[in-house]
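S.K.: File name coords.csv; file contents CSV, C-alpha atoms and all ligand atoms; full text below.
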chain,number,residue,atom,x,y,z
A,172,MET,CA,-37.2,-17.6,-6.2
A,173,SER,CA,-35.9,-17.6,-9.8
A,174,ARG,CA,-32.7,-19.4,-10.7
A,175,ALA,CA,-31.2,-16.1,-11.8
A,176,LEU,CA,-32.1,-14.4,-8.5
A,177,LYS,CA,-30.5,-17.3,-6.5
A,178,LEU,CA,-27.3,-16.8,-8.5
A,179,TYR,CA,-27.6,-13.0,-8.1
A,180,ARG,CA,-27.8,-13.4,-4.3
A,181,LEU,CA,-24.8,-15.7,-4.4
A,182,GLN,CA,-22.9,-13.2,-6.4
A,183,GLN,CA,-23.7,-10.4,-3.9
A,184,ALA,CA,-22.4,-12.5,-1.1
A,185,ASP,CA,-19.2,-13.4,-3.1
A,186,THR,CA,-18.5,-9.8,-4.0
A,187,GLN,CA,-18.9,-8.6,-0.5
A,188,LEU,CA,-16.7,-11.4,0.8
A,189,ASP,CA,-14.0,-10.5,-1.8
A,190,GLN,CA,-14.1,-6.8,-0.8
A,191,THR,CA,-13.9,-7.7,2.9
A,192,ALA,CA,-11.0,-10.1,2.3
A,193,ALA,CA,-9.2,-7.4,0.2
A,194,ARG,CA,-9.6,-4.8,2.9
A,195,LEU,CA,-8.4,-7.1,5.6
A,196,ALA,CA,-5.3,-8.0,3.5
A,197,GLU,CA,-4.6,-4.3,3.0
A,198,ILE,CA,-4.9,-3.6,6.8
A,199,GLU,CA,-2.5,-6.5,7.5
A,200,ARG,CA,-0.1,-4.9,5.0
A,201,ILE,CA,-0.3,-1.4,6.6
A,202,LEU,CA,0.1,-2.9,10.2
A,203,GLY,CA,3.1,-4.9,9.0
A,204,ASP,CA,4.7,-1.9,7.3
A,205,ASN,CA,6.6,0.0,10.0
A,206,GLN,CA,9.3,1.7,7.8
A,207,SER,CA,8.7,5.1,9.2
A,208,HIS,CA,9.1,3.8,12.7
A,209,GLN,CA,12.2,1.8,11.8
A,210,ALA,CA,13.8,4.9,10.3
A,211,ALA,CA,13.0,7.1,13.3
A,212,SER,CA,14.2,4.5,15.7
A,213,GLN,CA,17.4,4.0,13.8
A,214,ALA,CA,18.1,7.7,13.7
A,215,GLN,CA,17.4,7.9,17.5
A,216,GLN,CA,19.9,5.1,18.2
A,217,GLN,CA,22.6,6.8,16.0
A,218,ALA,CA,22.0,10.1,17.9
A,219,GLN,CA,22.3,8.2,21.2
A,220,ALA,CA,25.6,6.6,20.1
A,221,ALA,CA,27.0,9.9,18.8
A,222,LEU,CA,26.1,11.6,22.1
A,223,HIS,CA,27.8,8.8,24.1
A,224,ALA,CA,31.0,9.3,22.0
A,225,ALA,CA,30.9,13.1,22.4
A,226,HIS,CA,30.4,12.6,26.2
A,227,THR,CA,33.4,10.2,26.4
A,228,ALA,CA,35.6,12.6,24.3
A,229,LEU,CA,34.6,15.5,26.6
A,230,ARG,CA,35.5,13.5,29.8
A,231,ALA,CA,38.9,12.6,28.3
A,232,SER,CA,39.5,16.2,27.4
A,233,GLU,CA,38.6,17.4,31.0
A,234,GLU,CA,40.9,14.8,32.5
A,235,GLU,CA,43.8,16.0,30.3
A,236,VAL,CA,43.2,19.6,31.5
A,237,THR,CA,43.1,18.4,35.1
A,238,ALA,CA,46.3,16.4,34.7
A,239,GLN,CA,48.1,19.3,33.1
A,240,GLN,CA,47.0,21.7,35.9
A,241,LYS,CA,48.5,19.2,38.4
A,242,ARG,CA,51.8,19.2,36.5
A,243,ILE,CA,51.7,23.0,36.6
A,244,GLU,CA,51.1,23.0,40.4
A,245,GLN,CA,54.0,20.6,40.9
A,246,ASN,CA,56.3,22.8,38.7
A,247,GLN,CA,55.2,26.0,40.5
A,248,ALA,CA,55.9,24.3,43.9
A,249,SER,CA,59.4,23.3,42.8
A,250,LEU,CA,60.0,26.8,41.3
A,251,TYR,CA,58.9,28.8,44.3
A,252,GLY,CA,59.0,26.3,47.1
A,253,GLY,CA,62.6,27.2,48.1
A,254,ALA,CA,63.9,23.6,47.9
A,255,VAL,CA,65.6,24.3,44.6
A,256,THR,CA,68.3,27.0,44.7
A,257,ASN,CA,70.6,26.0,41.9
A,258,PRO,CA,70.2,28.8,39.2
A,259,LYS,CA,70.4,26.3,36.3
A,260,GLU,CA,67.8,24.1,37.8
A,261,LEU,CA,65.6,27.1,38.5
A,262,GLN,CA,66.0,28.3,34.9
A,263,ASP,CA,65.0,24.8,33.6
A,264,LEU,CA,61.9,24.9,35.9
A,265,GLN,CA,61.0,28.4,34.5
A,266,MET,CA,61.3,27.1,30.9
A,267,GLU,CA,59.2,24.0,31.8
A,268,SER,CA,56.6,26.4,33.4
A,269,GLU,CA,56.2,28.3,30.2
A,270,SER,CA,56.0,25.1,28.1
A,271,LEU,CA,53.4,23.6,30.5
A,272,ALA,CA,51.3,26.8,30.3
A,273,ARG,CA,51.3,26.8,26.5
A,274,ARG,CA,50.2,23.1,26.5
A,275,LEU,CA,47.5,23.9,29.0
A,276,SER,CA,46.1,26.6,26.7
A,277,GLU,CA,46.0,24.1,23.8
A,278,LEU,CA,44.2,21.5,26.0
A,279,GLU,CA,41.7,24.1,27.2
A,280,ASP,CA,40.9,25.1,23.6
A,281,ALA,CA,40.3,21.4,22.8
A,282,GLN,CA,38.1,21.1,25.9
A,283,LEU,CA,36.0,24.0,24.7
A,284,GLU,CA,35.6,22.3,21.3
A,285,ALA,CA,34.6,19.1,23.0
A,286,MET,CA,32.0,20.9,25.0
A,287,ALA,CA,30.5,22.5,21.9
A,288,ALA,CA,30.4,19.1,20.1
A,289,HIS,CA,28.8,17.6,23.2
A,290,GLU,CA,26.1,20.3,23.3
A,291,GLN,CA,25.5,19.8,19.6
A,292,GLN,CA,25.0,16.0,20.0
A,293,GLN,CA,22.7,16.6,23.0
A,294,ALA,CA,20.5,18.8,20.7
A,295,ALA,CA,20.6,16.2,17.9
A,296,LYS,CA,19.6,13.5,20.4
A,297,ALA,CA,16.7,15.5,21.7
A,298,ALA,CA,15.5,16.2,18.2
A,299,ALA,CA,15.7,12.5,17.3
A,300,ASP,CA,13.8,11.6,20.5
A,301,THR,CA,11.0,14.1,19.6
A,302,THR,CA,10.7,12.7,16.1
A,303,LEU,CA,10.5,9.1,17.3
A,304,ALA,CA,7.9,10.0,19.9
A,305,ALA,CA,5.8,11.8,17.2
A,306,VAL,CA,6.0,8.8,14.8
A,307,GLU,CA,5.0,6.5,17.6
A,308,ALA,CA,2.1,8.6,18.6
A,309,GLN,CA,0.9,8.9,15.0
A,310,LEU,CA,1.2,5.2,14.4
A,311,ALA,CA,-0.6,4.4,17.6
A,312,GLY,CA,-3.5,6.6,16.4
A,313,GLU,CA,-3.6,5.0,13.0
A,314,HIS,CA,-3.2,1.5,14.3
A,315,GLN,CA,-6.0,2.0,16.8
A,316,ALA,CA,-8.4,2.9,13.9
A,317,LEU,CA,-7.2,0.0,11.8
A,318,PHE,CA,-7.6,-2.5,14.7
A,319,SER,CA,-11.2,-1.5,15.2
A,320,GLU,CA,-11.9,-1.6,11.5
A,321,GLN,CA,-10.2,-5.1,11.4
A,322,ALA,CA,-12.4,-6.3,14.2
A,323,GLU,CA,-15.5,-5.0,12.5
A,324,LEU,CA,-14.5,-6.6,9.2
A,325,ARG,CA,-13.9,-10.0,10.9
A,326,VAL,CA,-17.5,-9.9,12.3
A,327,ASP,CA,-18.7,-8.9,8.8
A,328,SER,CA,-16.8,-11.8,7.3
A,329,GLU,CA,-18.5,-14.3,9.6
A,330,ARG,CA,-21.9,-12.9,8.8
A,331,LEU,CA,-21.2,-12.8,5.1
A,332,ALA,CA,-19.8,-16.4,5.1
A,333,SER,CA,-23.1,-17.5,6.6
A,334,GLU,CA,-25.1,-15.6,4.0
A,335,HIS,CA,-22.9,-17.1,1.4
A,336,GLU,CA,-23.6,-20.6,2.7
A,337,THR,CA,-27.3,-20.0,2.5
A,338,ALA,CA,-27.2,-18.5,-1.0
A,339,LEU,CA,-24.9,-21.3,-2.2
A,340,GLY,CA,-27.3,-24.0,-0.8
A,341,ALA,CA,-30.2,-22.6,-2.9
A,342,VAL,CA,-28.3,-22.9,-6.2
A,343,ASP,CA,-28.4,-26.1,-8.1
A,344,ALA,CA,-25.1,-27.8,-9.1
A,345,ALA,CA,-25.3,-27.2,-12.9
A,346,ASP,CA,-26.0,-23.4,-12.4
A,347,LEU,CA,-23.2,-23.2,-9.9
A,348,GLY,CA,-20.8,-24.5,-12.6
A,349,THR,CA,-22.0,-21.9,-15.1
A,350,TYR,CA,-21.8,-19.2,-12.4
A,351,ASN,CA,-18.2,-20.1,-11.4
A,352,SER,CA,-16.9,-20.2,-14.9
A,353,LEU,CA,-18.6,-16.9,-15.8
A,354,ARG,CA,-17.3,-15.3,-12.6
A,355,ALA,CA,-13.8,-16.4,-13.4
A,356,SER,CA,-13.9,-15.1,-17.0
A,357,LYS,CA,-16.1,-12.0,-16.5
A,358,ASN,CA,-14.1,-10.1,-13.8
A,359,GLY,CA,-16.1,-11.5,-10.9
A,360,VAL,CA,-19.5,-10.4,-12.4
A,361,ALA,CA,-21.4,-13.4,-13.7
A,362,ILE,CA,-24.9,-12.1,-13.2
A,363,ALA,CA,-26.1,-8.7,-14.7
A,364,LYS,CA,-29.2,-6.9,-13.7
A,365,VAL,CA,-31.5,-5.7,-16.4
A,366,GLN,CA,-31.8,-1.9,-16.0
A,367,GLY,CA,-34.0,0.2,-18.3
A,368,GLY,CA,-33.9,-2.5,-21.0
A,369,THR,CA,-30.1,-2.8,-21.0
A,370,CYS,CA,-27.5,-5.1,-19.5
A,371,SER,CA,-26.1,-3.4,-16.4
A,372,ALA,CA,-22.8,-5.1,-16.8
A,373,CYS,CA,-21.9,-4.3,-20.4
A,374,GLY,CA,-24.5,-1.6,-21.2
A,375,ALA,CA,-25.8,-3.4,-24.3
A,376,GLU,CA,-29.5,-2.8,-25.2
A,377,LEU,CA,-31.6,-5.9,-24.9
A,378,SER,CA,-34.4,-6.9,-27.2
A,379,ALA,CA,-37.8,-6.9,-25.7
A,380,ALA,CA,-38.0,-10.6,-25.9
A,381,ARG,CA,-34.6,-11.0,-24.1
A,382,ALA,CA,-35.7,-8.6,-21.4
A,383,GLN,CA,-38.9,-10.5,-21.0
A,384,ALA,CA,-37.1,-13.9,-20.9
A,385,ALA,CA,-34.9,-12.5,-18.1
A,386,ARG,CA,-37.9,-12.5,-15.9
A,387,SER,CA,-38.4,-16.3,-16.2
A,388,ALA,CA,-38.1,-18.2,-13.0
A,389,GLU,CA,-37.2,-21.5,-14.7
A,390,GLU,CA,-34.8,-20.5,-17.4
A,391,LEU,CA,-31.5,-18.7,-17.4
A,392,THR,CA,-31.1,-15.9,-20.1
A,393,ARG,CA,-27.8,-14.6,-21.3
A,394,CYS,CA,-26.9,-11.1,-22.5
A,395,ASP,CA,-26.3,-11.4,-26.3
A,396,ASN,CA,-23.3,-9.1,-26.0
A,397,CYS,CA,-21.3,-10.1,-22.9
A,398,LYS,CA,-22.9,-13.6,-22.3
A,399,ARG,CA,-23.6,-12.9,-18.6
A,400,ILE,CA,-26.7,-14.3,-17.1
A,401,LEU,CA,-29.4,-11.7,-16.9
A,402,TYR,CA,-31.5,-11.1,-13.8
A,403,SER,CA,-34.6,-9.0,-13.8
B,1,ZN,ZN,-24.1,-7.7,-21.2
What is this structure when it is put down as structure tokens?

M.R.:
Amino acid sequence: MSRALKLYRLQQADTQLDQTAARLAEIERILGDNQSHQAASQAQQQAQAALHAAHTALRASEEEVTAQQKRIEQNQASLYGGAVTNPKELQDLQMESESLARRLSELEDAQLEAMAAHEQQQAAKAAADTTLAAVEAQLAGEHQALFSEQAELRVDSERLASEHETALGAVDAADLGTYNSLRASKNGVAIAKVQGGTCSACGAELSAARAQAARSAEELTRCDNCKRILYS
């Protein structure tokens, strides 16, 4: 196997390892990013709290109406029970009866408003529940796909690491130094294939002698233009 081919195989393993690592990092990021779920969950909790408040207000309003009805019953019992006969007292009871009835009417209006507000919050809570459930179902589907991809990529990583190990073992130390510095300075591509007489990395046309030299098993040949090692 030529020196250039050994380096080319090492580069293929490195490139695939880089791509796998990048995708795994991207998957980690997506799995960790649960903004849509947080927003839906927060909205649902707020709707829950608002419904609870509306429920408490409605209960209080109902109790006020009931208490007022009791006051009216007591007033009516005094007014028509026969125990009170004094005309002035009866007149006072009559005035109180009218005042109590007016107040009851106000309290009943307030109760109707509280009922309407409670119904509105019930609907808002149901909508928030539905949204949260939809977001959770969507995430579950997405995450399932990502988890299987992640598992496959981890298996790939192990296989690639072993291929990388083999390729690395075949390269001699001096060539590895050259390869590493080229990979660092040439955007990860240290070795370029010769394709149709040109350098596949930069597209420069190679002289016939250069293209021929790239076939050598013993020597490394560089592209005149981009200085990458040529492999033919
Ligand atoms: Zn080139």

S.K.: Quick one: which chain A residues come within 6 Å of ligand ZN 1 (chain B), and what is the nearest atom pair for each with the distance in Å to one decimal, counting all atoms listed in the file, rows ordered by chain and ascending number, as a tab-separated table?

M.R.:
residue	atom	partner	partner_atom	distance
A:Cys370	CA	B:ZN1	ZN	4.6
A:Ala372	CA	B:ZN1	ZN	5.3
A:Cys373	CA	B:ZN1	ZN	4.1
A:Ala375	CA	B:ZN1	ZN	5.6
A:Cys394	CA	B:ZN1	ZN	4.6
A:Asn396	CA	B:ZN1	ZN	5.1
A:Cys397	CA	B:ZN1	ZN	4.1
A:Arg399	CA	B:ZN1	ZN	5.8

S.K.: Kindly extract all protein, DNA and RNA residues lying within 12 Å of the coordinates (6.9, 8.0, 18.5) given in the file, considering all atoms listed in the file, and supply them as a PDB file with C-alpha atoms, keeping the file's coordinate frame.

M.R.:
ATOM      1  CA  ASN A 205       6.600   0.000  10.000  1.00  0.00           C
ATOM      2  CA  SER A 207       8.700   5.100   9.200  1.00  0.00           C
ATOM      3  CA  HIS A 208       9.100   3.800  12.700  1.00  0.00           C
ATOM      4  CA  GLN A 209      12.200   1.800  11.800  1.00  0.00           C
ATOM      5  CA  ALA A 210      13.800   4.900  10.300  1.00  0.00           C
ATOM      6  CA  ALA A 211      13.000   7.100  13.300  1.00  0.00           C
ATOM      7  CA  SER A 212      14.200   4.500  15.700  1.00  0.00           C
ATOM      8  CA  GLN A 215      17.400   7.900  17.500  1.00  0.00           C
ATOM      9  CA  ALA A 298      15.500  16.200  18.200  1.00  0.00           C
ATOM     10  CA  ALA A 299      15.700  12.500  17.300  1.00  0.00           C
ATOM     11  CA  ASP A 300      13.800  11.600  20.500  1.00  0.00           C
ATOM     12  CA  THR A 301      11.000  14.100  19.600  1.00  0.00           C
ATOM     13  CA  THR A 302      10.700  12.700  16.100  1.00  0.00           C
ATOM     14  CA  LEU A 303      10.500   9.100  17.300  1.00  0.00           C
ATOM     15  CA  ALA A 304       7.900  10.000  19.900  1.00  0.00           C
ATOM     16  CA  ALA A 305       5.800  11.800  17.200  1.00  0.00           C
ATOM     17  CA  VAL A 306       6.000   8.800  14.800  1.00  0.00           C
ATOM     18  CA  GLU A 307       5.000   6.500  17.600  1.00  0.00           C
ATOM     19  CA  ALA A 308       2.100   8.600  18.600  1.00  0.00           C
ATOM     20  CA  GLN A 309       0.900   8.900  15.000  1.00  0.00           C
ATOM     21  CA  LEU A 310       1.200   5.200  14.400  1.00  0.00           C
ATOM     22  CA  ALA A 311      -0.600   4.400  17.600  1.00  0.00           C
ATOM     23  CA  GLY A 312      -3.500   6.600  16.400  1.00  0.00           C
TER      24      GLY A 312
END

S.K.: Select, from A:Glu320, A:Glu235, A:Glu329, A:Glu390, the residue with the minimum atom-to-atom distance to A:Leu278, counting all atoms listed in the file.

M.R.: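 So, comparing all the options, the nearest one is A:Glu235.
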
S.K.: Do a neighbour search on A:Arg381 at 10 Å with only C-alpha atoms, toss out local chain neighbours closer than 3 positions, and write the hits as a list in words.

M.R.: Val365, Gly368, Thr369, Glu376, Leu377, Ser378, Ala384, Ala385, Arg386, Thr392, Arg393, Cys394, Asp395 and Leu401 of chain A

S.K.: Would you pick out the contacts of A:Ser328 at 8 Å or less, using all atoms listed in the file, so that residues sharing its chain but fewer than 5 positions from it are not included, and give the list as JSON, numbers by chain?

M.R.: {"A": [188, 191, 192]}
